[in-house]
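Taking it in order: structure first as structure tokens, then the write-up.
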Protein chains: 2
Amino acid sequence: MGPRTDIELVEQANTELYEAVERGDHEALSALWLDGQVSVVHPGWPVLRGRGEVLRSYALIMANTEYIQFFLTDVEIDVMGDTALVTCTENILSGGPAEDDGSVGPLIGQLVVATNVFRRTEEGWRVWSHHGSPVLTDGEDDGDDDGPAGPGEVAGGV
Amino acid sequence: MGPRTDIELVEQANTELYEAVERGDHEALSALWLDGQVSVVHPGWPVLRGRGEVLRSYALIMANTEYIQFFLTDVEIDVMGDTALVTCTENILSGGPAEDDGSVGPLIGQLVVATNVFRRTEEGWRVWSHHGSPVLTDGEDDGDDDGPAGPGEVAGGV
């Protein structure tokens with residue numbers, strides 16, 4: 001049995017988005033994005049708008065990534081009408097450029113949070129917007145395992 | 001004449017969101033957020049979910065910010081049905097804790113990009129999600145005024 005509910009279908013589309021990047025599958029990635037005024041923010045990047053810019057940015061990232069794997073946690077999905085809003089944590093393990101012997105470079109871990117917006121289409125749920133950003137940690141001084149950073153770190157950062 | 005089109009109404013709601021933070025007006029801010037499963041990501045923070053957590057985070061930020069002003073640029077609005085997706089650049093000028101004489105501390109500038117999602121309600125457009133993230137720059141080595149950072153900086157950061 002395939003997935004049935006909107007929540008399940010959106011979760012599947014969200015998973016497919018990351019799997020396409022993991023495989024470096026530009027064609028699958030293109031098919032997942034809405035045919036419209038899409039936007040993307042990669043961690044630390046400015047906003048990119050429109051299918052052309054969005055898909056070029058992924059091509060660039062995939063061309064410069066030897067290995068990447070996403071372990072998604074905290075996936076929360078809210079569907080209202082024909083729009084779905086997904087938030088999740090991307091626990092990323094990635095490898096740098098290949099070494100001379102063809103192996104990937106040292107693996108690095110990254111913690112990124114994402115807000116992904118999907119629209120219902122006749123072909124299924126498609127990505128309207130992806131916004132990923134680094135989670136900045138500064139030690140454990142706030143004594144709060146999963147809460148936000150302490151106020152001193154965020155003054156002005158809204 | 002007030003604003004008329006959806007685009008104008010959404011732009012007004014987006015502006016009001018930032019103005020409420022500038023004024024430290026928690027009541028106005030609360031009224032702008034959807035009564036539902038909202039989410040927020042402040043720059044460098046993890047995802048916060050639900051009106052309670054979202055509004056508490058703003059209260060915390062506003063309590064720890066003496067002065068903040070947003071100069072919005074690159075505001076792009078896309079409306080599909082009852083959902084609006086806004087991207088913009090927040091050029092932020094903020095002041096730290098007050099000095100002994102009551103004045104604000106040194107002003108600092110910050111460059112943040114945001115994806116804001118609004119839903120149409122009977123009371124007007126309301127915020128469903130705000131995701132803000134720092135734009136990281138590393139000099140001018142990519143020779144591209146407003147494009148993304150070069151590939152070397154983003155490997156693995158998707």
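By order of appearance in the structure tokens: chains A, B, ..., then residues from 1 within every chain, and ligands from 1 in the order shown.
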(message) Neighbouring residues of range 73-89 of chain A were defined as those with any atom within 6 Å, considering only C-alpha atoms; residues of the same chain fewer than 4 positions away were excluded. Please report them as a PyMOL selection string.
(response) chain A and resi 112-120
Mind doing a quick least-squares superposition of chain A onto chain B, all C-alpha atoms paired one-to-one in order, and writing it out as a tab-separated table (two decimals) with N, CA and C atoms, in the first residue's frame?
chain	number	residue	atom	x	y	z
A	1	MET	N	-6.92	55.90	-0.17
A	1	MET	CA	-7.25	54.54	-0.60
A	1	MET	C	-6.31	53.54	0.06
A	2	GLY	N	-6.86	52.54	0.65
A	2	GLY	CA	-6.04	51.50	1.25
A	2	GLY	C	-5.54	50.56	0.17
A	3	PRO	N	-4.75	49.62	0.57
A	3	PRO	CA	-4.27	48.65	-0.41
A	3	PRO	C	-5.42	47.78	-0.91
A	4	ARG	N	-5.28	47.23	-2.09
A	4	ARG	CA	-6.38	46.50	-2.72
A	4	ARG	C	-6.02	45.07	-3.10
A	5	THR	N	-4.97	44.92	-3.82
A	5	THR	CA	-4.68	43.59	-4.35
A	5	THR	C	-4.10	42.70	-3.25
A	6	ASP	N	-4.15	41.40	-3.51
A	6	ASP	CA	-3.54	40.46	-2.56
A	6	ASP	C	-2.08	40.80	-2.33
A	7	ILE	N	-1.38	41.11	-3.42
A	7	ILE	CA	0.04	41.42	-3.29
A	7	ILE	C	0.23	42.60	-2.34
A	8	GLU	N	-0.58	43.63	-2.50
A	8	GLU	CA	-0.46	44.80	-1.63
A	8	GLU	C	-0.81	44.47	-0.18
A	9	LEU	N	-1.85	43.66	-0.01
A	9	LEU	CA	-2.26	43.30	1.35
A	9	LEU	C	-1.20	42.44	2.04
A	10	VAL	N	-0.60	41.54	1.28
A	10	VAL	CA	0.45	40.69	1.85
A	10	VAL	C	1.67	41.53	2.18
A	11	GLU	N	2.00	42.46	1.29
A	11	GLU	CA	3.17	43.30	1.57
A	11	GLU	C	2.93	44.12	2.83
A	12	GLN	N	1.69	44.59	3.00
A	12	GLN	CA	1.38	45.36	4.20
A	12	GLN	C	1.51	44.49	5.45
A	13	ALA	N	1.00	43.26	5.39
A	13	ALA	CA	1.11	42.36	6.55
A	13	ALA	C	2.57	42.06	6.85
A	14	ASN	N	3.37	41.89	5.80
A	14	ASN	CA	4.79	41.62	5.98
A	14	ASN	C	5.48	42.81	6.66
A	15	THR	N	5.15	44.00	6.21
A	15	THR	CA	5.72	45.21	6.80
A	15	THR	C	5.31	45.34	8.27
A	16	GLU	N	4.03	45.05	8.53
A	16	GLU	CA	3.52	45.16	9.90
A	16	GLU	C	4.23	44.20	10.86
A	17	LEU	N	4.60	43.04	10.32
A	17	LEU	CA	5.32	42.06	11.15
A	17	LEU	C	6.62	42.67	11.68
A	18	TYR	N	7.36	43.33	10.78
A	18	TYR	CA	8.65	43.92	11.20
A	18	TYR	C	8.44	45.16	12.04
A	19	GLU	N	7.41	45.94	11.72
A	19	GLU	CA	7.15	47.15	12.50
A	19	GLU	C	6.77	46.80	13.95
A	20	ALA	N	6.04	45.69	14.11
A	20	ALA	CA	5.66	45.28	15.46
A	20	ALA	C	6.90	44.95	16.28
A	21	VAL	N	7.88	44.29	15.65
A	21	VAL	CA	9.12	43.97	16.36
A	21	VAL	C	9.90	45.25	16.65
A	22	GLU	N	9.95	46.15	15.68
A	22	GLU	CA	10.65	47.42	15.89
A	22	GLU	C	10.10	48.17	17.10
A	23	ARG	N	8.76	48.17	17.22
A	23	ARG	CA	8.13	48.89	18.34
A	23	ARG	C	8.13	48.08	19.63
A	24	GLY	N	8.52	46.79	19.53
A	24	GLY	CA	8.42	45.93	20.71
A	24	GLY	C	6.97	45.72	21.12
A	25	ASP	N	6.10	45.69	20.13
A	25	ASP	CA	4.65	45.63	20.38
A	25	ASP	C	4.17	44.18	20.32
A	26	HIS	N	4.20	43.54	21.46
A	26	HIS	CA	3.91	42.12	21.50
A	26	HIS	C	2.45	41.82	21.15
A	27	GLU	N	1.56	42.72	21.50
A	27	GLU	CA	0.14	42.51	21.22
A	27	GLU	C	-0.12	42.55	19.71
A	28	ALA	N	0.47	43.52	19.05
A	28	ALA	CA	0.31	43.62	17.59
A	28	ALA	C	0.93	42.40	16.91
A	29	LEU	N	2.07	41.98	17.44
A	29	LEU	CA	2.74	40.82	16.86
A	29	LEU	C	1.88	39.57	17.00
A	30	SER	N	1.31	39.38	18.19
A	30	SER	CA	0.45	38.22	18.44
A	30	SER	C	-0.72	38.19	17.47
A	31	ALA	N	-1.29	39.36	17.22
A	31	ALA	CA	-2.47	39.44	16.35
A	31	ALA	C	-2.13	39.10	14.91
A	32	LEU	N	-0.86	39.28	14.53
A	32	LEU	CA	-0.45	39.02	13.15
A	32	LEU	C	-0.22	37.55	12.87
A	33	TRP	N	-0.01	36.76	13.94
A	33	TRP	CA	0.28	35.35	13.73
A	33	TRP	C	-0.99	34.54	13.65
A	34	LEU	N	-0.98	33.58	12.76
A	34	LEU	CA	-2.11	32.69	12.54
A	34	LEU	C	-2.44	31.93	13.82
A	35	ASP	N	-3.72	31.65	14.00
A	35	ASP	CA	-4.16	30.83	15.12
A	35	ASP	C	-4.09	29.38	14.67
A	36	GLY	N	-2.89	28.84	14.66
A	36	GLY	CA	-2.73	27.47	14.17
A	36	GLY	C	-1.32	26.98	14.47
A	37	GLN	N	-0.88	26.00	13.69
A	37	GLN	CA	0.41	25.35	13.94
A	37	GLN	C	1.54	26.16	13.29
A	38	VAL	N	1.81	27.32	13.84
A	38	VAL	CA	2.82	28.22	13.27
A	38	VAL	C	4.23	27.76	13.62
A	39	SER	N	5.20	28.29	12.87
A	39	SER	CA	6.59	27.97	13.20
A	39	SER	C	7.47	29.16	12.91
A	40	VAL	N	8.58	29.23	13.63
A	40	VAL	CA	9.54	30.30	13.41
A	40	VAL	C	10.95	29.75	13.52
A	41	VAL	N	11.84	30.29	12.67
A	41	VAL	CA	13.28	30.07	12.83
A	41	VAL	C	13.94	31.44	12.84
A	42	HIS	N	14.45	31.83	13.99
A	42	HIS	CA	15.27	33.04	14.07
A	42	HIS	C	16.69	32.68	13.62
A	43	PRO	N	17.44	33.67	13.13
A	43	PRO	CA	18.77	33.36	12.59
A	43	PRO	C	19.65	32.59	13.58
A	44	GLY	N	20.08	31.41	13.16
A	44	GLY	CA	20.96	30.59	13.99
A	44	GLY	C	20.24	29.74	15.01
A	45	TRP	N	18.92	29.87	15.09
A	45	TRP	CA	18.14	29.13	16.09
A	45	TRP	C	17.60	27.83	15.50
A	46	PRO	N	17.20	26.91	16.37
A	46	PRO	CA	16.43	25.75	15.90
A	46	PRO	C	15.00	26.17	15.57
A	47	VAL	N	14.20	25.23	15.08
A	47	VAL	CA	12.80	25.52	14.77
A	47	VAL	C	12.00	25.63	16.07
A	48	LEU	N	11.14	26.63	16.15
A	48	LEU	CA	10.18	26.71	17.25
A	48	LEU	C	8.79	26.54	16.64
A	49	ARG	N	7.96	25.74	17.30
A	49	ARG	CA	6.65	25.37	16.75
A	49	ARG	C	5.53	25.74	17.72
A	50	GLY	N	4.44	26.22	17.18
A	50	GLY	CA	3.26	26.53	17.99
A	50	GLY	C	3.26	27.98	18.46
A	51	ARG	N	2.07	28.56	18.59
A	51	ARG	CA	1.96	29.97	18.98
A	51	ARG	C	2.68	30.28	20.29
A	52	GLY	N	2.57	29.38	21.26
A	52	GLY	CA	3.19	29.64	22.56
A	52	GLY	C	4.68	29.83	22.44
A	53	GLU	N	5.35	28.88	21.83
A	53	GLU	CA	6.81	28.95	21.69
A	53	GLU	C	7.23	30.12	20.80
A	54	VAL	N	6.49	30.31	19.71
A	54	VAL	CA	6.83	31.38	18.76
A	54	VAL	C	6.74	32.74	19.45
A	55	LEU	N	5.62	32.98	20.14
A	55	LEU	CA	5.42	34.30	20.74
A	55	LEU	C	6.36	34.51	21.93
A	56	ARG	N	6.66	33.45	22.67
A	56	ARG	CA	7.63	33.59	23.76
A	56	ARG	C	9.00	33.98	23.22
A	57	SER	N	9.36	33.41	22.05
A	57	SER	CA	10.69	33.72	21.50
A	57	SER	C	10.78	35.20	21.13
A	58	TYR	N	9.70	35.75	20.59
A	58	TYR	CA	9.70	37.18	20.26
A	58	TYR	C	9.74	38.03	21.52
A	59	ALA	N	9.03	37.61	22.56
A	59	ALA	CA	9.05	38.37	23.81
A	59	ALA	C	10.48	38.42	24.34
A	60	LEU	N	11.16	37.28	24.24
A	60	LEU	CA	12.55	37.19	24.72
A	60	LEU	C	13.45	38.11	23.90
A	61	ILE	N	13.29	38.06	22.59
A	61	ILE	CA	14.12	38.90	21.73
A	61	ILE	C	13.84	40.38	21.99
A	62	MET	N	12.58	40.73	22.08
A	62	MET	CA	12.24	42.14	22.25
A	62	MET	C	12.69	42.65	23.62
A	63	ALA	N	12.64	41.76	24.62
A	63	ALA	CA	13.08	42.18	25.96
A	63	ALA	C	14.58	42.42	26.00
A	64	ASN	N	15.30	41.81	25.08
A	64	ASN	CA	16.76	41.94	25.09
A	64	ASN	C	17.30	42.81	23.97
A	65	THR	N	16.42	43.55	23.34
A	65	THR	CA	16.83	44.43	22.25
A	65	THR	C	16.42	45.86	22.58
A	66	GLU	N	17.41	46.74	22.69
A	66	GLU	CA	17.10	48.13	23.03
A	66	GLU	C	16.55	48.87	21.82
A	67	TYR	N	17.13	48.55	20.67
A	67	TYR	CA	16.79	49.28	19.46
A	67	TYR	C	16.94	48.34	18.28
A	68	ILE	N	15.96	48.32	17.42
A	68	ILE	CA	16.11	47.50	16.21
A	68	ILE	C	15.30	48.12	15.08
A	69	GLN	N	15.92	48.17	13.92
A	69	GLN	CA	15.23	48.69	12.76
A	69	GLN	C	15.52	47.78	11.56
A	70	PHE	N	14.47	47.51	10.80
A	70	PHE	CA	14.60	46.66	9.61
A	70	PHE	C	14.44	47.51	8.36
A	71	PHE	N	15.42	47.44	7.49
A	71	PHE	CA	15.28	48.03	6.16
A	71	PHE	C	15.10	46.87	5.20
A	72	LEU	N	13.87	46.69	4.74
A	72	LEU	CA	13.58	45.53	3.88
A	72	LEU	C	13.90	45.84	2.43
A	73	THR	N	14.60	44.94	1.80
A	73	THR	CA	14.87	45.06	0.37
A	73	THR	C	14.56	43.73	-0.29
A	74	ASP	N	14.53	43.73	-1.63
A	74	ASP	CA	14.30	42.50	-2.39
A	74	ASP	C	13.02	41.79	-1.98
A	75	VAL	N	11.99	42.55	-1.65
A	75	VAL	CA	10.73	41.92	-1.22
A	75	VAL	C	10.03	41.33	-2.45
A	76	GLU	N	9.85	40.02	-2.43
A	76	GLU	CA	9.21	39.31	-3.54
A	76	GLU	C	8.02	38.55	-2.98
A	77	ILE	N	6.89	38.69	-3.60
A	77	ILE	CA	5.65	38.11	-3.09
A	77	ILE	C	5.00	37.24	-4.15
A	78	ASP	N	4.67	36.03	-3.77
A	78	ASP	CA	3.98	35.12	-4.68
A	78	ASP	C	2.74	34.60	-3.97
A	79	VAL	N	1.58	34.84	-4.55
A	79	VAL	CA	0.33	34.39	-3.95
A	79	VAL	C	-0.24	33.24	-4.77
A	80	MET	N	-0.56	32.14	-4.09
A	80	MET	CA	-1.23	31.02	-4.74
A	80	MET	C	-2.42	30.64	-3.88
A	81	GLY	N	-3.61	30.87	-4.37
A	81	GLY	CA	-4.80	30.56	-3.58
A	81	GLY	C	-4.79	31.37	-2.30
A	82	ASP	N	-4.89	30.66	-1.17
A	82	ASP	CA	-4.98	31.34	0.12
A	82	ASP	C	-3.64	31.40	0.85
A	83	THR	N	-2.56	31.16	0.10
A	83	THR	CA	-1.24	31.20	0.71
A	83	THR	C	-0.37	32.21	-0.02
A	84	ALA	N	0.43	32.93	0.73
A	84	ALA	CA	1.38	33.85	0.13
A	84	ALA	C	2.77	33.53	0.65
A	85	LEU	N	3.72	33.54	-0.28
A	85	LEU	CA	5.09	33.27	0.08
A	85	LEU	C	5.89	34.54	-0.20
A	86	VAL	N	6.53	35.04	0.84
A	86	VAL	CA	7.31	36.27	0.74
A	86	VAL	C	8.76	35.97	1.03
A	87	THR	N	9.64	36.45	0.15
A	87	THR	CA	11.06	36.43	0.50
A	87	THR	C	11.54	37.87	0.54
A	88	CYS	N	12.46	38.14	1.44
A	88	CYS	CA	13.01	39.50	1.53
A	88	CYS	C	14.35	39.47	2.23
A	89	THR	N	15.08	40.55	2.04
A	89	THR	CA	16.33	40.74	2.75
A	89	THR	C	16.07	41.72	3.88
A	90	GLU	N	16.47	41.34	5.08
A	90	GLU	CA	16.33	42.22	6.25
A	90	GLU	C	17.70	42.86	6.50
A	91	ASN	N	17.80	44.13	6.19
A	91	ASN	CA	19.01	44.87	6.54
A	91	ASN	C	18.76	45.44	7.93
A	92	ILE	N	19.36	44.82	8.92
A	92	ILE	CA	19.01	45.11	10.31
A	92	ILE	C	20.04	46.02	10.96
A	93	LEU	N	19.55	47.04	11.62
A	93	LEU	CA	20.39	47.90	12.43
A	93	LEU	C	19.86	47.77	13.85
A	94	SER	N	20.71	47.32	14.76
A	94	SER	CA	20.21	47.12	16.11
A	94	SER	C	21.21	47.61	17.14
A	95	GLY	N	20.69	47.94	18.29
A	95	GLY	CA	21.52	48.43	19.39
A	95	GLY	C	21.48	47.46	20.54
A	96	GLY	N	22.62	47.28	21.16
A	96	GLY	CA	22.74	46.35	22.28
A	96	GLY	C	22.15	46.95	23.55
A	97	PRO	N	22.46	46.32	24.66
A	97	PRO	CA	21.93	46.78	25.94
A	97	PRO	C	22.29	48.24	26.21
A	98	ALA	N	21.43	48.90	26.96
A	98	ALA	CA	21.64	50.31	27.26
A	98	ALA	C	22.93	50.52	28.07
A	99	GLU	N	23.56	51.64	27.81
A	99	GLU	CA	24.70	52.05	28.61
A	99	GLU	C	24.20	52.61	29.94
A	100	ASP	N	25.11	52.91	30.84
A	100	ASP	CA	24.72	53.41	32.16
A	100	ASP	C	23.90	54.70	32.06
A	101	ASP	N	24.20	55.51	31.04
A	101	ASP	CA	23.48	56.78	30.93
A	101	ASP	C	22.12	56.62	30.24
A	102	GLY	N	21.72	55.39	29.95
A	102	GLY	CA	20.40	55.17	29.38
A	102	GLY	C	20.39	55.11	27.86
A	103	SER	N	21.48	55.45	27.22
A	103	SER	CA	21.53	55.39	25.75
A	103	SER	C	21.73	53.94	25.31
A	104	VAL	N	21.46	53.68	24.03
A	104	VAL	CA	21.69	52.32	23.54
A	104	VAL	C	23.18	52.11	23.31
A	105	GLY	N	23.57	50.85	23.29
A	105	GLY	CA	24.97	50.52	23.03
A	105	GLY	C	25.30	50.77	21.56
A	106	PRO	N	26.49	50.34	21.16
A	106	PRO	CA	26.91	50.54	19.77
A	106	PRO	C	25.93	49.88	18.81
A	107	LEU	N	25.64	50.53	17.71
A	107	LEU	CA	24.74	49.94	16.72
A	107	LEU	C	25.50	48.92	15.88
A	108	ILE	N	24.86	47.81	15.61
A	108	ILE	CA	25.46	46.83	14.72
A	108	ILE	C	24.54	46.53	13.55
A	109	GLY	N	25.15	46.23	12.42
A	109	GLY	CA	24.39	45.89	11.22
A	109	GLY	C	24.41	44.39	11.02
A	110	GLN	N	23.32	43.87	10.46
A	110	GLN	CA	23.24	42.43	10.19
A	110	GLN	C	22.51	42.24	8.88
A	111	LEU	N	22.91	41.22	8.14
A	111	LEU	CA	22.23	40.90	6.90
A	111	LEU	C	21.56	39.54	7.05
A	112	VAL	N	20.25	39.57	6.96
A	112	VAL	CA	19.46	38.36	7.16
A	112	VAL	C	18.51	38.21	5.98
A	113	VAL	N	18.29	37.00	5.52
A	113	VAL	CA	17.25	36.76	4.52
A	113	VAL	C	16.12	35.96	5.15
A	114	ALA	N	14.91	36.26	4.69
A	114	ALA	CA	13.74	35.63	5.31
A	114	ALA	C	12.80	35.06	4.27
A	115	THR	N	12.18	33.94	4.63
A	115	THR	CA	11.04	33.40	3.90
A	115	THR	C	9.85	33.44	4.85
A	116	ASN	N	8.86	34.20	4.49
A	116	ASN	CA	7.67	34.36	5.34
A	116	ASN	C	6.45	33.82	4.60
A	117	VAL	N	5.70	32.97	5.27
A	117	VAL	CA	4.52	32.38	4.66
A	117	VAL	C	3.28	32.93	5.38
A	118	PHE	N	2.33	33.39	4.58
A	118	PHE	CA	1.10	33.95	5.11
A	118	PHE	C	-0.11	33.15	4.62
A	119	ARG	N	-1.16	33.13	5.45
A	119	ARG	CA	-2.43	32.52	5.05
A	119	ARG	C	-3.52	33.58	5.07
A	120	ARG	N	-4.41	33.47	4.09
A	120	ARG	CA	-5.55	34.36	4.06
A	120	ARG	C	-6.57	33.92	5.12
A	121	THR	N	-7.02	34.85	5.94
A	121	THR	CA	-8.07	34.55	6.91
A	121	THR	C	-9.16	35.61	6.75
A	122	GLU	N	-10.25	35.43	7.47
A	122	GLU	CA	-11.32	36.43	7.39
A	122	GLU	C	-10.89	37.77	7.95
A	123	GLU	N	-9.86	37.75	8.82
A	123	GLU	CA	-9.37	39.01	9.39
A	123	GLU	C	-8.20	39.59	8.60
A	124	GLY	N	-7.84	38.92	7.51
A	124	GLY	CA	-6.69	39.41	6.73
A	124	GLY	C	-5.61	38.35	6.66
A	125	TRP	N	-4.48	38.73	6.10
A	125	TRP	CA	-3.37	37.79	5.94
A	125	TRP	C	-2.63	37.64	7.26
A	126	ARG	N	-2.38	36.39	7.66
A	126	ARG	CA	-1.73	36.12	8.93
A	126	ARG	C	-0.49	35.25	8.71
A	127	VAL	N	0.50	35.43	9.58
A	127	VAL	CA	1.78	34.72	9.44
A	127	VAL	C	1.65	33.26	9.86
A	128	TRP	N	2.06	32.40	8.97
A	128	TRP	CA	2.05	30.95	9.25
A	128	TRP	C	3.47	30.50	9.63
A	129	SER	N	4.45	31.11	8.99
A	129	SER	CA	5.84	30.71	9.22
A	129	SER	C	6.78	31.87	8.90
A	130	HIS	N	7.77	32.03	9.75
A	130	HIS	CA	8.87	32.98	9.46
A	130	HIS	C	10.17	32.21	9.61
A	131	HIS	N	11.03	32.30	8.61
A	131	HIS	CA	12.35	31.66	8.70
A	131	HIS	C	13.38	32.69	8.28
A	132	GLY	N	14.20	33.11	9.22
A	132	GLY	CA	15.27	34.08	8.92
A	132	GLY	C	16.63	33.44	9.11
A	133	SER	N	17.57	33.79	8.25
A	133	SER	CA	18.90	33.20	8.39
A	133	SER	C	19.97	34.20	7.97
A	134	PRO	N	21.12	34.12	8.62
A	134	PRO	CA	22.20	35.05	8.30
A	134	PRO	C	22.77	34.79	6.91
A	135	VAL	N	23.10	35.86	6.20
A	135	VAL	CA	23.83	35.71	4.95
A	135	VAL	C	25.30	35.79	5.27
A	136	LEU	N	25.99	34.70	4.99
A	136	LEU	CA	27.42	34.64	5.31
A	136	LEU	C	28.21	35.08	4.10
A	137	THR	N	29.08	36.03	4.31
A	137	THR	CA	29.92	36.50	3.20
A	137	THR	C	31.35	36.17	3.56
A	138	ASP	N	32.16	35.96	2.55
A	138	ASP	CA	33.58	35.70	2.82
A	138	ASP	C	34.43	36.46	1.82
A	139	GLY	N	34.17	37.73	1.73
A	139	GLY	CA	34.97	38.52	0.81
A	139	GLY	C	34.35	38.51	-0.57
A	140	GLU	N	35.08	38.99	-1.53
A	140	GLU	CA	34.52	39.22	-2.86
A	140	GLU	C	35.17	38.30	-3.88
A	141	ASP	N	35.56	37.11	-3.46
A	141	ASP	CA	36.36	36.29	-4.36
A	141	ASP	C	35.57	35.63	-5.48
A	142	ASP	N	34.25	35.73	-5.44
A	142	ASP	CA	33.52	35.09	-6.53
A	142	ASP	C	33.14	36.07	-7.65
A	143	GLY	N	33.48	37.34	-7.43
A	143	GLY	CA	33.27	38.32	-8.48
A	143	GLY	C	31.82	38.46	-8.91
A	144	ASP	N	30.93	38.17	-8.01
A	144	ASP	CA	29.51	38.17	-8.36
A	144	ASP	C	28.79	38.97	-7.29
A	145	ASP	N	28.24	40.12	-7.68
A	145	ASP	CA	27.70	41.03	-6.68
A	145	ASP	C	26.58	40.46	-5.84
A	146	ASP	N	25.64	39.79	-6.50
A	146	ASP	CA	24.49	39.36	-5.72
A	146	ASP	C	24.21	37.86	-5.87
A	147	GLY	N	25.12	37.15	-6.42
A	147	GLY	CA	24.92	35.72	-6.58
A	147	GLY	C	25.28	34.98	-5.31
A	148	PRO	N	25.13	33.69	-5.32
A	148	PRO	CA	25.45	32.90	-4.14
A	148	PRO	C	26.96	32.86	-3.92
A	149	ALA	N	27.33	32.40	-2.76
A	149	ALA	CA	28.73	32.20	-2.45
A	149	ALA	C	29.29	31.16	-3.40
A	150	GLY	N	30.60	31.12	-3.53
A	150	GLY	CA	31.23	30.16	-4.42
A	150	GLY	C	31.03	28.74	-3.92
A	151	PRO	N	31.18	27.78	-4.80
A	151	PRO	CA	30.90	26.40	-4.44
A	151	PRO	C	31.76	25.85	-3.32
A	152	GLY	N	32.99	26.33	-3.22
A	152	GLY	CA	33.88	25.80	-2.19
A	152	GLY	C	33.32	26.02	-0.79
A	153	GLU	N	32.51	27.05	-0.65
A	153	GLU	CA	31.99	27.39	0.68
A	153	GLU	C	30.74	26.62	1.04
A	154	VAL	N	30.15	25.97	0.05
A	154	VAL	CA	28.84	25.44	0.30
A	154	VAL	C	28.76	23.94	0.19
A	155	ALA	N	29.88	23.27	-0.09
A	155	ALA	CA	29.82	21.82	-0.21
A	155	ALA	C	29.19	21.24	1.04
A	156	GLY	N	28.15	20.50	0.86
A	156	GLY	CA	27.51	19.89	1.99
A	156	GLY	C	26.45	20.77	2.63
A	157	GLY	N	26.41	22.00	2.29
A	157	GLY	CA	25.43	22.88	2.94
A	157	GLY	C	24.21	23.07	2.07
A	158	VAL	N	23.28	22.19	2.20
A	158	VAL	CA	22.12	22.25	1.31
A	158	VAL	C	20.85	22.56	2.10
(request) Mind listing the alpha helix (DSSP H) residues of chain B, per DSSP on the backbone, as a PyMOL selection string? (result) chain B and resi 6-23+26-32+51-63
(request) Determine which residues of chain A receive a DSSP assignment of strand (DSSP E or B), computed from the backbone, and state them as a PyMOL selection string. (result) chain A and resi 33+39-41+48-49+67-80+83-95+107-121+124-134
